[in-house]
>>> print(open('upload.cif').read())   # mmCIF, N, CA, C and O atoms
data_model
loop_
_atom_site.label_atom_id
_atom_site.label_comp_id
_atom_site.auth_asym_id
_atom_site.auth_seq_id
_atom_site.Cartn_x
_atom_site.Cartn_y
_atom_site.Cartn_z
N MET A 1 186.95 101.51 167.16
CA MET A 1 185.54 101.67 166.92
C MET A 1 184.79 101.29 168.19
O MET A 1 185.09 100.30 168.82
N ASN A 2 183.82 102.09 168.52
CA ASN A 2 183.05 101.90 169.74
C ASN A 2 181.80 101.08 169.46
O ASN A 2 181.08 101.36 168.51
N ALA A 3 181.51 100.07 170.26
CA ALA A 3 180.36 99.18 170.05
C ALA A 3 179.11 99.69 170.75
O ALA A 3 178.09 99.02 170.74
N VAL A 4 179.17 100.85 171.35
CA VAL A 4 178.03 101.39 172.08
C VAL A 4 177.07 102.05 171.10
O VAL A 4 177.48 102.81 170.23
N ALA A 5 175.80 101.74 171.23
CA ALA A 5 174.78 102.33 170.34
C ALA A 5 174.58 103.80 170.69
O ALA A 5 174.80 104.22 171.83
N PRO A 6 174.18 104.60 169.71
CA PRO A 6 173.91 106.01 170.01
C PRO A 6 172.75 106.14 170.99
O PRO A 6 171.96 105.22 171.16
N GLU A 7 172.69 107.29 171.59
CA GLU A 7 171.64 107.54 172.58
C GLU A 7 170.26 107.46 171.93
O GLU A 7 169.91 108.25 171.07
N ILE A 8 169.49 106.49 172.35
CA ILE A 8 168.11 106.32 171.86
C ILE A 8 167.20 106.62 173.04
O ILE A 8 167.35 106.01 174.11
N PRO A 9 166.28 107.56 172.87
CA PRO A 9 165.39 107.87 173.99
C PRO A 9 164.51 106.66 174.33
O PRO A 9 163.94 106.03 173.45
N ILE A 10 164.46 106.36 175.58
CA ILE A 10 163.65 105.24 176.06
C ILE A 10 162.27 105.78 176.41
O ILE A 10 162.14 106.74 177.18
N GLN A 11 161.25 105.16 175.83
CA GLN A 11 159.89 105.60 176.11
C GLN A 11 159.48 105.11 177.49
O GLN A 11 159.69 103.96 177.83
N SER A 12 158.93 106.01 178.26
CA SER A 12 158.50 105.63 179.59
C SER A 12 157.14 104.94 179.50
O SER A 12 156.33 105.22 178.63
N GLN A 13 156.91 104.04 180.43
CA GLN A 13 155.64 103.32 180.47
C GLN A 13 154.58 104.21 181.05
O GLN A 13 154.85 105.06 181.90
N PRO A 14 153.30 104.04 180.61
CA PRO A 14 152.22 104.81 181.22
C PRO A 14 152.09 104.46 182.70
O PRO A 14 152.50 103.39 183.14
N VAL A 15 151.51 105.37 183.45
CA VAL A 15 151.35 105.17 184.89
C VAL A 15 150.51 103.93 185.17
O VAL A 15 150.76 103.20 186.11
N SER A 16 149.50 103.67 184.34
CA SER A 16 148.63 102.53 184.58
C SER A 16 149.38 101.21 184.44
O SER A 16 149.03 100.22 185.05
N ALA A 17 150.46 101.16 183.65
CA ALA A 17 151.23 99.94 183.49
C ALA A 17 152.09 99.66 184.72
O ALA A 17 152.48 98.53 184.96
N LEU A 18 152.37 100.69 185.50
CA LEU A 18 153.21 100.52 186.67
C LEU A 18 152.43 100.09 187.91
O LEU A 18 153.02 99.62 188.87
N ARG A 19 151.11 100.24 187.88
CA ARG A 19 150.31 99.87 189.04
C ARG A 19 150.15 98.36 189.11
O ARG A 19 149.94 97.71 188.10
N PRO A 20 150.19 97.79 190.30
CA PRO A 20 149.93 96.35 190.42
C PRO A 20 148.46 96.06 190.13
O PRO A 20 147.58 96.90 190.31
N SER A 21 148.19 94.84 189.68
CA SER A 21 146.83 94.49 189.29
C SER A 21 145.88 94.46 190.49
O SER A 21 144.67 94.58 190.31
N VAL A 22 146.38 94.32 191.69
CA VAL A 22 145.53 94.29 192.87
C VAL A 22 144.81 95.63 193.05
O VAL A 22 143.67 95.69 193.49
N VAL A 23 145.46 96.72 192.65
CA VAL A 23 144.89 98.05 192.80
C VAL A 23 143.76 98.27 191.79
O VAL A 23 142.83 99.03 192.03
N VAL A 24 143.83 97.59 190.66
CA VAL A 24 142.88 97.83 189.57
C VAL A 24 141.56 97.09 189.78
O VAL A 24 140.50 97.58 189.39
N TRP A 25 141.56 95.93 190.39
CA TRP A 25 140.39 95.06 190.41
C TRP A 25 139.28 95.36 191.39
O TRP A 25 138.14 94.92 191.16
N PRO A 26 139.44 96.06 192.50
CA PRO A 26 138.32 96.23 193.43
C PRO A 26 137.10 96.92 192.83
O PRO A 26 135.96 96.52 193.09
N TRP A 27 137.28 97.97 192.01
CA TRP A 27 136.12 98.68 191.45
C TRP A 27 135.35 97.84 190.43
O TRP A 27 134.11 97.81 190.49
N PRO A 28 136.00 97.16 189.50
CA PRO A 28 135.21 96.31 188.60
C PRO A 28 134.48 95.18 189.33
O PRO A 28 133.35 94.84 188.97
N ILE A 29 135.10 94.62 190.36
CA ILE A 29 134.44 93.56 191.12
C ILE A 29 133.23 94.14 191.86
O ILE A 29 132.15 93.53 191.88
N ALA A 30 133.38 95.31 192.46
CA ALA A 30 132.26 95.94 193.17
C ALA A 30 131.11 96.26 192.21
O ALA A 30 129.93 96.02 192.53
N LEU A 31 131.43 96.78 191.03
CA LEU A 31 130.37 97.08 190.05
C LEU A 31 129.70 95.80 189.55
O LEU A 31 128.49 95.78 189.32
N GLY A 32 130.47 94.74 189.38
CA GLY A 32 129.90 93.46 188.98
C GLY A 32 128.96 92.89 190.03
O GLY A 32 127.87 92.39 189.71
N LEU A 33 129.38 92.95 191.29
CA LEU A 33 128.52 92.46 192.38
C LEU A 33 127.26 93.31 192.51
O LEU A 33 126.16 92.78 192.76
N LEU A 34 127.39 94.60 192.33
CA LEU A 34 126.23 95.49 192.38
C LEU A 34 125.26 95.17 191.24
O LEU A 34 124.04 95.17 191.43
N THR A 35 125.78 94.87 190.07
CA THR A 35 124.95 94.50 188.93
C THR A 35 124.23 93.18 189.19
O THR A 35 123.02 93.05 188.91
N ILE A 36 124.93 92.19 189.73
CA ILE A 36 124.30 90.90 190.05
C ILE A 36 123.20 91.10 191.08
O ILE A 36 122.10 90.54 190.95
N PHE A 37 123.47 91.91 192.11
CA PHE A 37 122.44 92.19 193.11
C PHE A 37 121.23 92.86 192.48
O PHE A 37 120.09 92.51 192.78
N GLY A 38 121.46 93.82 191.58
CA GLY A 38 120.36 94.51 190.93
C GLY A 38 119.54 93.59 190.06
O GLY A 38 118.30 93.66 190.05
N LEU A 39 120.19 92.70 189.32
CA LEU A 39 119.46 91.76 188.48
C LEU A 39 118.66 90.76 189.31
O LEU A 39 117.50 90.44 188.99
N LEU A 40 119.26 90.26 190.39
CA LEU A 40 118.54 89.31 191.24
C LEU A 40 117.38 89.98 191.97
O LEU A 40 116.30 89.38 192.12
N SER A 41 117.57 91.20 192.44
CA SER A 41 116.47 91.88 193.13
C SER A 41 115.35 92.22 192.16
O SER A 41 114.18 92.21 192.53
N ALA A 42 115.66 92.50 190.90
CA ALA A 42 114.62 92.76 189.91
C ALA A 42 113.89 91.47 189.55
O ALA A 42 112.68 91.48 189.30
N LEU A 43 114.61 90.37 189.54
CA LEU A 43 114.01 89.09 189.18
C LEU A 43 113.16 88.52 190.30
O LEU A 43 112.04 88.03 190.07
N LEU A 44 113.66 88.58 191.53
CA LEU A 44 112.99 87.92 192.65
C LEU A 44 111.97 88.81 193.36
O LEU A 44 110.98 88.32 193.87
N GLY A 45 112.21 90.11 193.43
CA GLY A 45 111.29 91.00 194.11
C GLY A 45 110.63 91.94 193.12
O GLY A 45 111.29 92.79 192.54
N GLN A 46 109.36 91.78 192.89
CA GLN A 46 108.67 92.54 191.85
C GLN A 46 108.02 93.83 192.37
O GLN A 46 107.59 94.64 191.57
N HIS A 47 107.93 94.01 193.68
CA HIS A 47 107.18 95.15 194.22
C HIS A 47 107.96 95.84 195.32
O HIS A 47 108.87 95.30 195.91
N GLY A 48 107.55 97.07 195.59
CA GLY A 48 108.02 97.82 196.76
C GLY A 48 109.49 98.13 196.76
O GLY A 48 110.05 98.67 195.81
N VAL A 49 110.13 97.79 197.88
CA VAL A 49 111.52 98.14 198.11
C VAL A 49 112.43 97.45 197.09
O VAL A 49 113.42 98.03 196.65
N TRP A 50 112.11 96.22 196.72
CA TRP A 50 112.96 95.48 195.79
C TRP A 50 113.05 96.17 194.43
O TRP A 50 114.08 96.16 193.78
N LEU A 51 111.94 96.74 194.00
CA LEU A 51 111.92 97.45 192.73
C LEU A 51 112.85 98.67 192.78
O LEU A 51 113.64 98.91 191.87
N ALA A 52 112.76 99.43 193.87
CA ALA A 52 113.63 100.60 194.03
C ALA A 52 115.09 100.19 194.16
O ALA A 52 115.99 100.83 193.58
N LEU A 53 115.37 99.10 194.89
CA LEU A 53 116.74 98.62 195.04
C LEU A 53 117.31 98.15 193.70
O LEU A 53 118.48 98.40 193.39
N SER A 54 116.49 97.48 192.91
CA SER A 54 116.98 97.01 191.62
C SER A 54 117.29 98.18 190.69
O SER A 54 118.30 98.17 189.98
N TRP A 55 116.43 99.20 190.69
CA TRP A 55 116.69 100.38 189.86
C TRP A 55 117.98 101.08 190.30
O TRP A 55 118.79 101.46 189.47
N ALA A 56 118.16 101.24 191.59
CA ALA A 56 119.37 101.91 192.10
C ALA A 56 120.62 101.08 191.79
O ALA A 56 121.64 101.62 191.34
N ALA A 57 120.53 99.76 192.03
CA ALA A 57 121.70 98.91 191.85
C ALA A 57 122.09 98.78 190.38
O ALA A 57 123.27 98.61 190.06
N LEU A 58 121.13 98.87 189.48
CA LEU A 58 121.45 98.78 188.05
C LEU A 58 121.79 100.14 187.45
O LEU A 58 122.44 100.22 186.42
N SER A 59 121.36 101.21 188.09
CA SER A 59 121.66 102.55 187.57
C SER A 59 123.09 102.97 187.87
O SER A 59 123.72 103.67 187.07
N ILE A 60 123.61 102.58 189.02
CA ILE A 60 124.95 103.01 189.42
C ILE A 60 126.03 102.52 188.45
O ILE A 60 126.85 103.33 187.99
N PRO A 61 126.08 101.23 188.07
CA PRO A 61 127.09 100.83 187.08
C PRO A 61 126.91 101.51 185.73
O PRO A 61 127.90 101.84 185.05
N PHE A 62 125.67 101.76 185.32
CA PHE A 62 125.42 102.46 184.06
C PHE A 62 125.96 103.89 184.12
O PHE A 62 126.63 104.35 183.20
N ILE A 63 125.71 104.59 185.22
CA ILE A 63 126.18 105.97 185.37
C ILE A 63 127.70 106.02 185.41
O ILE A 63 128.32 106.89 184.78
N VAL A 64 128.32 105.07 186.12
CA VAL A 64 129.79 105.02 186.18
C VAL A 64 130.37 104.78 184.79
O VAL A 64 131.36 105.41 184.40
N THR A 65 129.75 103.90 184.01
CA THR A 65 130.22 103.62 182.66
C THR A 65 130.12 104.85 181.77
O THR A 65 131.06 105.17 181.02
N VAL A 66 129.00 105.56 181.84
CA VAL A 66 128.82 106.76 181.02
C VAL A 66 129.85 107.83 181.40
O VAL A 66 130.45 108.46 180.52
N ILE A 67 130.08 108.02 182.68
CA ILE A 67 131.06 109.02 183.13
C ILE A 67 132.47 108.65 182.64
O ILE A 67 133.21 109.51 182.16
N CYS A 68 132.84 107.38 182.74
CA CYS A 68 134.16 106.96 182.28
C CYS A 68 134.31 107.12 180.77
O CYS A 68 135.37 107.51 180.28
N LEU A 69 133.26 106.84 180.01
CA LEU A 69 133.32 107.02 178.56
C LEU A 69 133.45 108.49 178.18
O LEU A 69 134.22 108.84 177.28
N ILE A 70 132.72 109.35 178.86
CA ILE A 70 132.81 110.78 178.58
C ILE A 70 134.22 111.29 178.89
O ILE A 70 134.80 112.06 178.12
N ARG A 71 134.79 110.86 180.00
CA ARG A 71 136.16 111.28 180.34
C ARG A 71 137.16 110.78 179.32
O ARG A 71 138.10 111.48 178.97
N ALA A 72 136.97 109.55 178.84
CA ALA A 72 137.90 108.99 177.85
C ALA A 72 137.79 109.72 176.53
O ALA A 72 138.79 109.93 175.84
N TRP A 73 136.60 110.13 176.13
CA TRP A 73 136.42 110.83 174.87
C TRP A 73 136.99 112.24 174.94
O TRP A 73 137.43 112.77 173.92
N ARG A 74 136.99 112.87 176.09
CA ARG A 74 137.51 114.23 176.22
C ARG A 74 139.02 114.26 176.33
O ARG A 74 139.65 115.27 176.06
N ARG A 75 139.62 113.18 176.75
CA ARG A 75 141.06 113.11 176.95
C ARG A 75 141.75 112.88 175.61
O ARG A 75 141.35 112.03 174.83
N PRO A 76 142.82 113.63 175.32
CA PRO A 76 143.53 113.41 174.06
C PRO A 76 144.24 112.05 174.08
O PRO A 76 144.70 111.60 175.13
N SER A 77 144.29 111.40 172.95
CA SER A 77 144.96 110.10 172.87
C SER A 77 146.47 110.28 172.75
O SER A 77 146.96 111.38 172.49
N PHE A 78 147.22 109.21 172.90
CA PHE A 78 148.67 109.25 172.79
C PHE A 78 149.10 109.44 171.34
O PHE A 78 150.21 109.83 171.06
N LYS A 79 148.22 109.12 170.40
CA LYS A 79 148.55 109.23 168.98
C LYS A 79 148.35 110.65 168.46
O LYS A 79 148.69 110.95 167.33
N GLY A 80 147.77 111.50 169.26
CA GLY A 80 147.51 112.86 168.84
C GLY A 80 146.05 113.06 168.53
O GLY A 80 145.37 112.19 168.03
N GLY A 81 145.52 114.18 168.91
CA GLY A 81 144.10 114.47 168.69
C GLY A 81 143.24 113.82 169.76
O GLY A 81 143.72 113.20 170.69
N LEU A 82 141.94 114.00 169.60
CA LEU A 82 141.02 113.39 170.54
C LEU A 82 140.84 111.92 170.22
O LEU A 82 140.93 111.51 169.08
N SER A 83 140.54 111.13 171.25
CA SER A 83 140.38 109.70 171.02
C SER A 83 139.01 109.38 170.49
O SER A 83 138.09 110.12 170.53
#
>>> encode(input="upload.cif", output="structure tokens")
Amino acid sequence: MNAVAPEIPIQSQPVSALRPSVVVWPWPIALGLLTIFGLLSALLGQHGVWLALSWAALSIPFIVTVICLIRAWRRPSFKGGLS
């Protein structure tokens, strides 16, 4: 009698699981710093250039978030169907 188990297909890991964490963190850190800058510029500078800088700095993370959510909703999930 053979003690070897029958061939069981091994599920491969997603590509994101294979990437080191150093590759993942620069964009969230950059968006966080941009958000902090936007909040501080809105709080400390009420007029002129500071107002425009705060709007731009706070709009960019919002736009990036909306784009990522739209892409995630359009992509089919691993369980089948749309996510």
>>> resolve_selection(input="upload.cif", expression="the PyMOL selection byres ((chain A and resi 56-67) around 7)", output="MDAnalysis selection string")
chainID A and resid 31 34:39 50:55 68:73
>>> atom_distance(input="upload.cif", atom1="atom N of Ala42 in chain A", atom2="atom C of Trp25 in chain A")
23.8 Å
>>> atom_distance(input="upload.cif", atom1="atom C of Leu33 in chain A", atom2="atom N of Ser21 in chain A")
21.2 Å
>>> atom_distance(input="upload.cif", atom1="atom O of Val24 in chain A", atom2="atom C of Val49 in chain A")
29.1 Å
